[in-house]
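J.: Contents of data.pdb (PDB, C-alpha atoms) are below:
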ATOM      1  CA  MET A   1     -26.505  -5.077  -1.358  1.00  0.00           C
ATOM      2  CA  GLN A   2     -23.237  -3.733  -2.742  1.00  0.00           C
ATOM      3  CA  PRO A   3     -20.477  -2.695  -0.321  1.00  0.00           C
ATOM      4  CA  PRO A   4     -19.568   0.979  -0.498  1.00  0.00           C
ATOM      5  CA  ALA A   5     -16.759   1.914  -2.861  1.00  0.00           C
ATOM      6  CA  GLY A   6     -13.555   3.133  -1.313  1.00  0.00           C
ATOM      7  CA  GLY A   7      -9.936   4.012  -1.824  1.00  0.00           C
ATOM      8  CA  LEU A   8      -6.902   1.824  -1.214  1.00  0.00           C
ATOM      9  CA  ASP A   9      -7.357   2.104   2.547  1.00  0.00           C
ATOM     10  CA  SER A  10     -10.949   0.843   2.348  1.00  0.00           C
ATOM     11  CA  PRO A  11     -11.673  -2.813   3.162  1.00  0.00           C
ATOM     12  CA  TYR A  12     -14.003  -2.752   0.146  1.00  0.00           C
ATOM     13  CA  HIS A  13     -11.317  -1.871  -2.381  1.00  0.00           C
ATOM     14  CA  PRO A  14     -11.347  -4.428  -5.243  1.00  0.00           C
ATOM     15  CA  CYS A  15      -7.627  -5.210  -4.691  1.00  0.00           C
ATOM     16  CA  VAL A  16      -8.222  -6.323  -1.093  1.00  0.00           C
ATOM     17  CA  PRO A  17      -8.723 -10.124  -1.007  1.00  0.00           C
ATOM     18  CA  ASP A  18     -11.632 -11.791   0.777  1.00  0.00           C
ATOM     19  CA  GLU A  19      -9.119 -13.314   3.177  1.00  0.00           C
ATOM     20  CA  ARG A  20      -8.368 -10.887   5.961  1.00  0.00           C
ATOM     21  CA  VAL A  21      -5.264 -12.560   7.424  1.00  0.00           C
ATOM     22  CA  SER A  22      -2.170 -13.758   5.643  1.00  0.00           C
ATOM     23  CA  ALA A  23       1.347 -14.624   6.716  1.00  0.00           C
ATOM     24  CA  ILE A  24       4.598 -15.605   5.047  1.00  0.00           C
ATOM     25  CA  LEU A  25       6.512 -18.154   7.112  1.00  0.00           C
ATOM     26  CA  LYS A  26       9.874 -19.807   6.669  1.00  0.00           C
ATOM     27  CA  THR A  27      10.172 -23.564   6.181  1.00  0.00           C
ATOM     28  CA  ALA A  28      13.088 -25.942   5.767  1.00  0.00           C
ATOM     29  CA  ASP A  29      11.026 -28.296   3.562  1.00  0.00           C
ATOM     30  CA  VAL A  30       8.312 -26.802   1.336  1.00  0.00           C
ATOM     31  CA  ALA A  31       7.204 -30.188  -0.044  1.00  0.00           C
ATOM     32  CA  ARG A  32       6.689 -31.673   3.450  1.00  0.00           C
ATOM     33  CA  THR A  33       4.901 -28.496   4.536  1.00  0.00           C
ATOM     34  CA  ILE A  34       2.505 -28.789   1.580  1.00  0.00           C
ATOM     35  CA  GLU A  35       1.821 -32.437   2.423  1.00  0.00           C
ATOM     36  CA  TRP A  36       1.087 -31.698   6.121  1.00  0.00           C
ATOM     37  CA  TYR A  37      -1.167 -28.720   5.415  1.00  0.00           C
ATOM     38  CA  ARG A  38      -3.148 -30.626   2.794  1.00  0.00           C
ATOM     39  CA  GLU A  39      -3.664 -33.402   5.386  1.00  0.00           C
ATOM     40  CA  ALA A  40      -4.987 -30.663   7.699  1.00  0.00           C
ATOM     41  CA  GLY A  41      -7.571 -29.652   5.088  1.00  0.00           C
ATOM     42  CA  PHE A  42      -5.810 -26.646   3.558  1.00  0.00           C
ATOM     43  CA  GLU A  43      -6.199 -25.837  -0.128  1.00  0.00           C
ATOM     44  CA  LEU A  44      -2.986 -25.529  -2.132  1.00  0.00           C
ATOM     45  CA  ARG A  45      -3.395 -22.285  -4.097  1.00  0.00           C
ATOM     46  CA  GLY A  46       0.051 -21.938  -5.613  1.00  0.00           C
ATOM     47  CA  VAL A  47       3.517 -23.458  -5.775  1.00  0.00           C
ATOM     48  CA  HIS A  48       6.823 -22.334  -7.279  1.00  0.00           C
ATOM     49  CA  PRO A  49       8.420 -23.685  -9.281  1.00  0.00           C
ATOM     50  CA  GLU A  50       5.600 -25.731 -10.780  1.00  0.00           C
ATOM     51  CA  THR A  51       7.942 -28.673 -11.404  1.00  0.00           C
ATOM     52  CA  GLY A  52      10.828 -29.949  -9.316  1.00  0.00           C
ATOM     53  CA  GLU A  53      11.525 -29.127  -5.675  1.00  0.00           C
ATOM     54  CA  PRO A  54       9.225 -26.300  -4.516  1.00  0.00           C
ATOM     55  CA  THR A  55      10.707 -23.215  -2.843  1.00  0.00           C
ATOM     56  CA  TRP A  56       7.410 -21.374  -2.212  1.00  0.00           C
ATOM     57  CA  CYS A  57       3.774 -22.275  -1.738  1.00  0.00           C
ATOM     58  CA  GLU A  58       0.476 -20.678  -0.759  1.00  0.00           C
ATOM     59  CA  LEU A  59      -2.206 -22.538   1.202  1.00  0.00           C
ATOM     60  CA  SER A  60      -5.551 -21.392   2.595  1.00  0.00           C
ATOM     61  CA  ARG A  61      -8.245 -22.452   5.003  1.00  0.00           C
ATOM     62  CA  ASP A  62     -11.031 -20.682   6.904  1.00  0.00           C
ATOM     63  CA  GLY A  63     -10.176 -17.226   5.537  1.00  0.00           C
ATOM     64  CA  VAL A  64      -6.460 -17.434   6.366  1.00  0.00           C
ATOM     65  CA  VAL A  65      -3.734 -17.546   3.728  1.00  0.00           C
ATOM     66  CA  LEU A  66      -0.316 -18.936   4.608  1.00  0.00           C
ATOM     67  CA  GLN A  67       2.677 -18.710   2.336  1.00  0.00           C
ATOM     68  CA  PHE A  68       5.810 -20.727   3.021  1.00  0.00           C
ATOM     69  CA  LEU A  69       9.242 -19.830   1.726  1.00  0.00           C
ATOM     70  CA  GLY A  70      12.146 -22.284   1.649  1.00  0.00           C
ATOM     71  CA  GLY A  71      15.700 -22.166   0.400  1.00  0.00           C
ATOM     72  CA  GLU A  72      17.266 -18.727   0.566  1.00  0.00           C
ATOM     73  CA  THR A  73      15.037 -16.370   2.516  1.00  0.00           C
ATOM     74  CA  PRO A  74      15.389 -12.827   3.855  1.00  0.00           C
ATOM     75  CA  TRP A  75      15.482 -14.371   7.356  1.00  0.00           C
ATOM     76  CA  SER A  76      18.686 -16.061   8.506  1.00  0.00           C
ATOM     77  CA  ASP A  77      17.181 -17.775  11.573  1.00  0.00           C
ATOM     78  CA  PRO A  78      15.558 -21.225  11.372  1.00  0.00           C
ATOM     79  CA  PRO A  79      11.742 -21.391  11.286  1.00  0.00           C
ATOM     80  CA  GLY A  80      10.304 -20.208  14.583  1.00  0.00           C
ATOM     81  CA  PHE A  81       7.295 -18.470  16.084  1.00  0.00           C
ATOM     82  CA  THR A  82       6.388 -17.932  19.716  1.00  0.00           C
ATOM     83  CA  GLY A  83       2.622 -17.951  19.575  1.00  0.00           C
ATOM     84  CA  THR A  84      -0.224 -19.527  17.654  1.00  0.00           C
ATOM     85  CA  LEU A  85      -2.238 -18.709  14.560  1.00  0.00           C
ATOM     86  CA  TYR A  86      -6.017 -18.835  15.126  1.00  0.00           C
ATOM     87  CA  PHE A  87      -8.481 -20.321  12.646  1.00  0.00           C
ATOM     88  CA  TYR A  88     -12.274 -20.337  12.808  1.00  0.00           C
ATOM     89  CA  PRO A  89     -13.543 -23.498  11.088  1.00  0.00           C
ATOM     90  CA  ARG A  90     -17.207 -24.427  10.772  1.00  0.00           C
ATOM     91  CA  SER A  91     -16.678 -27.200  13.340  1.00  0.00           C
ATOM     92  CA  VAL A  92     -13.700 -27.983  15.560  1.00  0.00           C
ATOM     93  CA  GLU A  93     -15.039 -31.515  16.182  1.00  0.00           C
ATOM     94  CA  ALA A  94     -15.405 -32.168  12.436  1.00  0.00           C
ATOM     95  CA  LEU A  95     -11.830 -30.999  11.856  1.00  0.00           C
ATOM     96  CA  ALA A  96     -10.588 -33.253  14.668  1.00  0.00           C
ATOM     97  CA  LYS A  97     -12.285 -36.229  13.007  1.00  0.00           C
ATOM     98  CA  GLU A  98     -10.883 -35.184   9.606  1.00  0.00           C
ATOM     99  CA  VAL A  99      -7.257 -35.240  10.810  1.00  0.00           C
ATOM    100  CA  GLU A 100      -7.631 -38.180  13.223  1.00  0.00           C
ATOM    101  CA  GLY A 101      -4.990 -40.827  12.583  1.00  0.00           C
ATOM    102  CA  ARG A 102      -3.014 -38.489  10.310  1.00  0.00           C
ATOM    103  CA  ILE A 103      -2.040 -35.577  12.571  1.00  0.00           C
ATOM    104  CA  GLU A 104      -1.487 -35.876  16.325  1.00  0.00           C
ATOM    105  CA  PRO A 105      -3.122 -32.922  18.115  1.00  0.00           C
ATOM    106  CA  ALA A 106      -0.938 -30.731  20.307  1.00  0.00           C
ATOM    107  CA  TRP A 107      -4.077 -30.341  22.471  1.00  0.00           C
ATOM    108  CA  GLY A 108      -7.808 -30.898  22.321  1.00  0.00           C
ATOM    109  CA  PRO A 109     -10.324 -30.753  21.112  1.00  0.00           C
ATOM    110  CA  GLU A 110     -11.264 -29.368  24.501  1.00  0.00           C
ATOM    111  CA  VAL A 111     -13.298 -26.609  26.059  1.00  0.00           C
ATOM    112  CA  ARG A 112     -10.965 -23.965  27.433  1.00  0.00           C
ATOM    113  CA  GLU A 113     -11.604 -21.903  30.572  1.00  0.00           C
ATOM    114  CA  TRP A 114     -12.487 -18.841  28.452  1.00  0.00           C
ATOM    115  CA  GLY A 115     -15.399 -20.669  26.821  1.00  0.00           C
ATOM    116  CA  SER A 116     -13.916 -21.763  23.498  1.00  0.00           C
ATOM    117  CA  ARG A 117     -13.657 -25.256  22.079  1.00  0.00           C
ATOM    118  CA  GLU A 118     -10.152 -25.551  20.666  1.00  0.00           C
ATOM    119  CA  LEU A 119      -7.967 -27.970  18.775  1.00  0.00           C
ATOM    120  CA  GLY A 120      -4.253 -27.268  18.596  1.00  0.00           C
ATOM    121  CA  LEU A 121      -2.038 -28.663  15.866  1.00  0.00           C
ATOM    122  CA  ARG A 122       1.721 -28.257  15.470  1.00  0.00           C
ATOM    123  CA  ASP A 123       3.041 -28.305  11.921  1.00  0.00           C
ATOM    124  CA  PRO A 124       6.386 -29.883  10.892  1.00  0.00           C
ATOM    125  CA  ASN A 125       8.079 -26.461  11.159  1.00  0.00           C
ATOM    126  CA  GLY A 126       7.057 -26.052  14.815  1.00  0.00           C
ATOM    127  CA  TYR A 127       4.282 -23.514  14.143  1.00  0.00           C
ATOM    128  CA  PHE A 128       1.149 -23.891  16.296  1.00  0.00           C
ATOM    129  CA  LEU A 129      -2.309 -23.571  14.746  1.00  0.00           C
ATOM    130  CA  THR A 130      -5.366 -23.210  16.990  1.00  0.00           C
ATOM    131  CA  PHE A 131      -8.796 -24.021  15.559  1.00  0.00           C
ATOM    132  CA  THR A 132     -11.500 -22.470  17.723  1.00  0.00           C
ATOM    133  CA  GLU A 133     -15.240 -21.973  18.077  1.00  0.00           C
ATOM    134  CA  ASP A 134     -17.647 -20.935  20.828  1.00  0.00           C
ATOM    135  CA  ALA A 135     -18.287 -23.847  23.179  1.00  0.00           C
TER
END
Take the structure in this file and express it as structure tokens.

T.:
Amino acid sequence: MQPPAGGLDSPYHPCVPDERVSAILKTADVARTIEWYREAGFELRGVHPETGEPTWCELSRDGVVLQFLGGETPWSDPPGFTGTLYFYPRSVEALAKEVEGRIEPAWGPEVREWGSRELGLRDPNGYFLTFTEDA
């Protein structure tokens, strides 16, 4: 079945990516950020420049795209975010096993009082990522 055609405001417009969430975040070290996110199972989709010290990258996992910008940015403050980014992997337990010994969880995996199994990770920039599923 084909989705209905639509204009630019339609979620079915051909220019709208399959990923429904994306963010651009500041980092002090793009190379270290790439290394950490790849250890967490993210796919590196782009880096700039292609050789030398990177100043930008794009990574994805579970329908979420994250871009990181280093060097001169439009934001003068250091990297910071008061909150968490949520991801919906196929299995929180499988992800926990995948990163075991490489990334220390901020919490979990554990069943939270609202009925979700969650694993929290904190990246080298201080950003929190929560991987969740129904318990």

J.: For Phe68 of chain A, work out the shell of residues within 6 Å, counting all atoms listed in the file and skipping chain neighbours fewer than 3 positions away, then give it as a PyMOL selection string.

T.: chain A and resi 24-26+56-57

J.: Could you save those same residues with C-alpha atoms as a PDB file, in the coordinates of the input?

T.:
ATOM      1  CA  ILE A  24       4.598 -15.605   5.047  1.00  0.00           C
ATOM      2  CA  LEU A  25       6.512 -18.154   7.112  1.00  0.00           C
ATOM      3  CA  LYS A  26       9.874 -19.807   6.669  1.00  0.00           C
ATOM      4  CA  TRP A  56       7.410 -21.374  -2.212  1.00  0.00           C
ATOM      5  CA  CYS A  57       3.774 -22.275  -1.738  1.00  0.00           C
TER       6      CYS A  57
END

J.: Name the closest residue to Ala31 of chain A among the candidates A:Pro79, A:Val47, A:Glu113, A:Tyr127; distances are taken between atoms, counting only C-alpha atoms.

T.: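 Counting only C-alpha atoms, the residue closest to Ala31 of chain A is A:Val47.
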
J.: Tell me, in Å to one decimal, how far atom CA of Arg45 of chain A is from atom CA of Glu58 of chain A.

T.: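 So the two atoms, atom CA of Arg45 of chain A and atom CA of Glu58 of chain A, lie 5.4 Å apart.
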
J.: For a cutoff of 8 Å around the file-coordinate point (-3.6, -31.9, 8.0), which residues qualify once you count only C-alpha atoms? I'd like the result as a list in words.

T.: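 It turns out the residues near that spot are Glu35, Trp36, Tyr37, Arg38, Glu39, Ala40, Gly41, Phe42, Val99, Arg102 and Ile103 of chain A.
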
J.: Which residue out of A:Glu133, A:Gln67, A:Thr51, A:Arg61 has the minimum interatomic distance to Ser91 of chain A when all atoms listed in the file are used?

T.: A:Glu133

J.: Using only C-alpha atoms for the distances, tell me which of A:Gly120, A:Gly70, A:Pro78, A:Gly83 is nearest to Ala96 of chain A.

T.: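 Of the candidates, the smallest distance to Ala96 of chain A is held by A:Gly120.
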
J.: What would the selection look like, as number ranges by chain, if the PyMOL selection byres ((chain A and resi 22) around 7) were run on the coordinates I just shared?

T.: A: 20-21, 23, 64-66

J.: Keeping C-alpha atoms, export the residues of the selection given above as a tab-separated table (two decimals), keeping the file's coordinate frame.

T.:
chain	number	residue	atom	x	y	z
A	20	ARG	CA	-8.37	-10.89	5.96
A	21	VAL	CA	-5.26	-12.56	7.42
A	23	ALA	CA	1.35	-14.62	6.72
A	64	VAL	CA	-6.46	-17.43	6.37
A	65	VAL	CA	-3.73	-17.55	3.73
A	66	LEU	CA	-0.32	-18.94	4.61

J.: Taking the file as shown, what set of residues would the PyMOL selection byres ((chain A and resi 114) around 12) give back, as a list of chain:residue names?

T.: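 So the PyMOL selection byres ((chain A and resi 114) around 12) ends up selecting A:Glu110, A:Val111, A:Arg112, A:Glu113, A:Gly115, A:Ser116, A:Arg117, A:Glu118, A:Thr132, A:Glu133, A:Asp134, A:Ala135.
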
J.: Interatomic distance between atom CA of Gly52 of chain A and atom CA of Gly80 of chain A?

T.: 25.8 Å

J.: Compare A:Glu104, A:Glu43, A:Glu98, A:Glu93 by their minimum atom-to-atom distance to Leu121 of chain A, counting only C-alpha atoms, and give me the closest one.

T.: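 Closest residue, counting only C-alpha atoms: A:Glu104.
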
J.: Measuring between only C-alpha atoms, which one of A:Gly71, A:Lys97, A:Gly108, A:Gly63 shows the shortest distance to His48 of chain A?

T.: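 So, comparing all the options, the nearest one is A:Gly71.
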
J.: Identify, on the basis of all atoms listed in the file, every residue whose closest approach to Leu85 of chain A does not exceed 7 Å; exclude the query and any residue fewer than 3 positions from it along the same chain; express the result as a PyMOL selection string.

T.: chain A and resi 128-130

J.: Using the partial input, fill out segment 68-90 of chain A with N, CA and C atoms; write the result as a PDB file, in the frame of the given file.

T.:
ATOM      1  N   PHE A  68       4.590 -20.176   2.453  1.00  0.00           N
ATOM      2  CA  PHE A  68       5.810 -20.727   3.021  1.00  0.00           C
ATOM      3  C   PHE A  68       6.941 -20.537   2.028  1.00  0.00           C
ATOM      4  N   LEU A  69       8.065 -20.102   2.535  1.00  0.00           N
ATOM      5  CA  LEU A  69       9.242 -19.830   1.726  1.00  0.00           C
ATOM      6  C   LEU A  69      10.381 -20.697   2.228  1.00  0.00           C
ATOM      7  N   GLY A  70      11.010 -21.439   1.315  1.00  0.00           N
ATOM      8  CA  GLY A  70      12.146 -22.284   1.649  1.00  0.00           C
ATOM      9  C   GLY A  70      13.367 -21.841   0.872  1.00  0.00           C
ATOM     10  N   GLY A  71      14.463 -22.539   1.076  1.00  0.00           N
ATOM     11  CA  GLY A  71      15.700 -22.166   0.400  1.00  0.00           C
ATOM     12  C   GLY A  71      16.239 -20.869   0.972  1.00  0.00           C
ATOM     13  N   GLU A  72      16.762 -20.021   0.107  1.00  0.00           N
ATOM     14  CA  GLU A  72      17.266 -18.727   0.566  1.00  0.00           C
ATOM     15  C   GLU A  72      16.096 -17.810   0.882  1.00  0.00           C
ATOM     16  N   THR A  73      16.100 -17.263   2.084  1.00  0.00           N
ATOM     17  CA  THR A  73      15.037 -16.370   2.516  1.00  0.00           C
ATOM     18  C   THR A  73      15.663 -15.092   3.066  1.00  0.00           C
ATOM     19  N   PRO A  74      14.865 -14.052   3.245  1.00  0.00           N
ATOM     20  CA  PRO A  74      15.389 -12.827   3.855  1.00  0.00           C
ATOM     21  C   PRO A  74      15.702 -12.997   5.346  1.00  0.00           C
ATOM     22  N   TRP A  75      15.317 -14.143   5.926  1.00  0.00           N
ATOM     23  CA  TRP A  75      15.482 -14.371   7.356  1.00  0.00           C
ATOM     24  C   TRP A  75      16.541 -15.443   7.581  1.00  0.00           C
ATOM     25  N   SER A  76      17.581 -15.121   8.311  1.00  0.00           N
ATOM     26  CA  SER A  76      18.686 -16.061   8.506  1.00  0.00           C
ATOM     27  C   SER A  76      18.388 -17.112   9.576  1.00  0.00           C
ATOM     28  N   ASP A  77      17.486 -16.826  10.500  1.00  0.00           N
ATOM     29  CA  ASP A  77      17.181 -17.775  11.573  1.00  0.00           C
ATOM     30  C   ASP A  77      16.366 -18.954  11.042  1.00  0.00           C
ATOM     31  N   PRO A  78      16.411 -20.091  11.765  1.00  0.00           N
ATOM     32  CA  PRO A  78      15.558 -21.225  11.372  1.00  0.00           C
ATOM     33  C   PRO A  78      14.093 -20.872  11.613  1.00  0.00           C
ATOM     34  N   PRO A  79      13.150 -21.666  11.043  1.00  0.00           N
ATOM     35  CA  PRO A  79      11.742 -21.391  11.286  1.00  0.00           C
ATOM     36  C   PRO A  79      11.454 -21.322  12.784  1.00  0.00           C
ATOM     37  N   GLY A  80      10.654 -20.341  13.181  1.00  0.00           N
ATOM     38  CA  GLY A  80      10.304 -20.208  14.583  1.00  0.00           C
ATOM     39  C   GLY A  80       9.225 -19.160  14.772  1.00  0.00           C
ATOM     40  N   PHE A  81       8.403 -19.379  15.805  1.00  0.00           N
ATOM     41  CA  PHE A  81       7.295 -18.470  16.084  1.00  0.00           C
ATOM     42  C   PHE A  81       6.840 -18.741  17.506  1.00  0.00           C
ATOM     43  N   THR A  82       6.850 -17.742  18.341  1.00  0.00           N
ATOM     44  CA  THR A  82       6.388 -17.932  19.716  1.00  0.00           C
ATOM     45  C   THR A  82       4.957 -17.421  19.802  1.00  0.00           C
ATOM     46  N   GLY A  83       4.032 -18.304  19.565  1.00  0.00           N
ATOM     47  CA  GLY A  83       2.622 -17.951  19.575  1.00  0.00           C
ATOM     48  C   GLY A  83       1.842 -18.993  18.800  1.00  0.00           C
ATOM     49  N   THR A  84       0.622 -18.631  18.431  1.00  0.00           N
ATOM     50  CA  THR A  84      -0.224 -19.527  17.654  1.00  0.00           C
ATOM     51  C   THR A  84      -1.010 -18.705  16.650  1.00  0.00           C
ATOM     52  N   LEU A  85      -1.368 -19.318  15.554  1.00  0.00           N
ATOM     53  CA  LEU A  85      -2.238 -18.709  14.560  1.00  0.00           C
ATOM     54  C   LEU A  85      -3.633 -19.271  14.790  1.00  0.00           C
ATOM     55  N   TYR A  86      -4.641 -18.398  14.870  1.00  0.00           N
ATOM     56  CA  TYR A  86      -6.017 -18.835  15.126  1.00  0.00           C
ATOM     57  C   TYR A  86      -6.806 -18.965  13.832  1.00  0.00           C
ATOM     58  N   PHE A  87      -7.597 -20.035  13.767  1.00  0.00           N
ATOM     59  CA  PHE A  87      -8.481 -20.321  12.646  1.00  0.00           C
ATOM     60  C   PHE A  87      -9.882 -20.538  13.192  1.00  0.00           C
ATOM     61  N   TYR A  88     -10.885 -20.224  12.393  1.00  0.00           N
ATOM     62  CA  TYR A  88     -12.274 -20.337  12.808  1.00  0.00           C
ATOM     63  C   TYR A  88     -13.023 -21.247  11.833  1.00  0.00           C
ATOM     64  N   PRO A  89     -12.860 -22.567  11.995  1.00  0.00           N
ATOM     65  CA  PRO A  89     -13.543 -23.498  11.088  1.00  0.00           C
ATOM     66  C   PRO A  89     -15.032 -23.574  11.401  1.00  0.00           C
ATOM     67  N   ARG A  90     -15.774 -24.222  10.519  1.00  0.00           N
ATOM     68  CA  ARG A  90     -17.207 -24.427  10.772  1.00  0.00           C
ATOM     69  C   ARG A  90     -17.419 -25.305  12.002  1.00  0.00           C
TER      70      ARG A  90
END
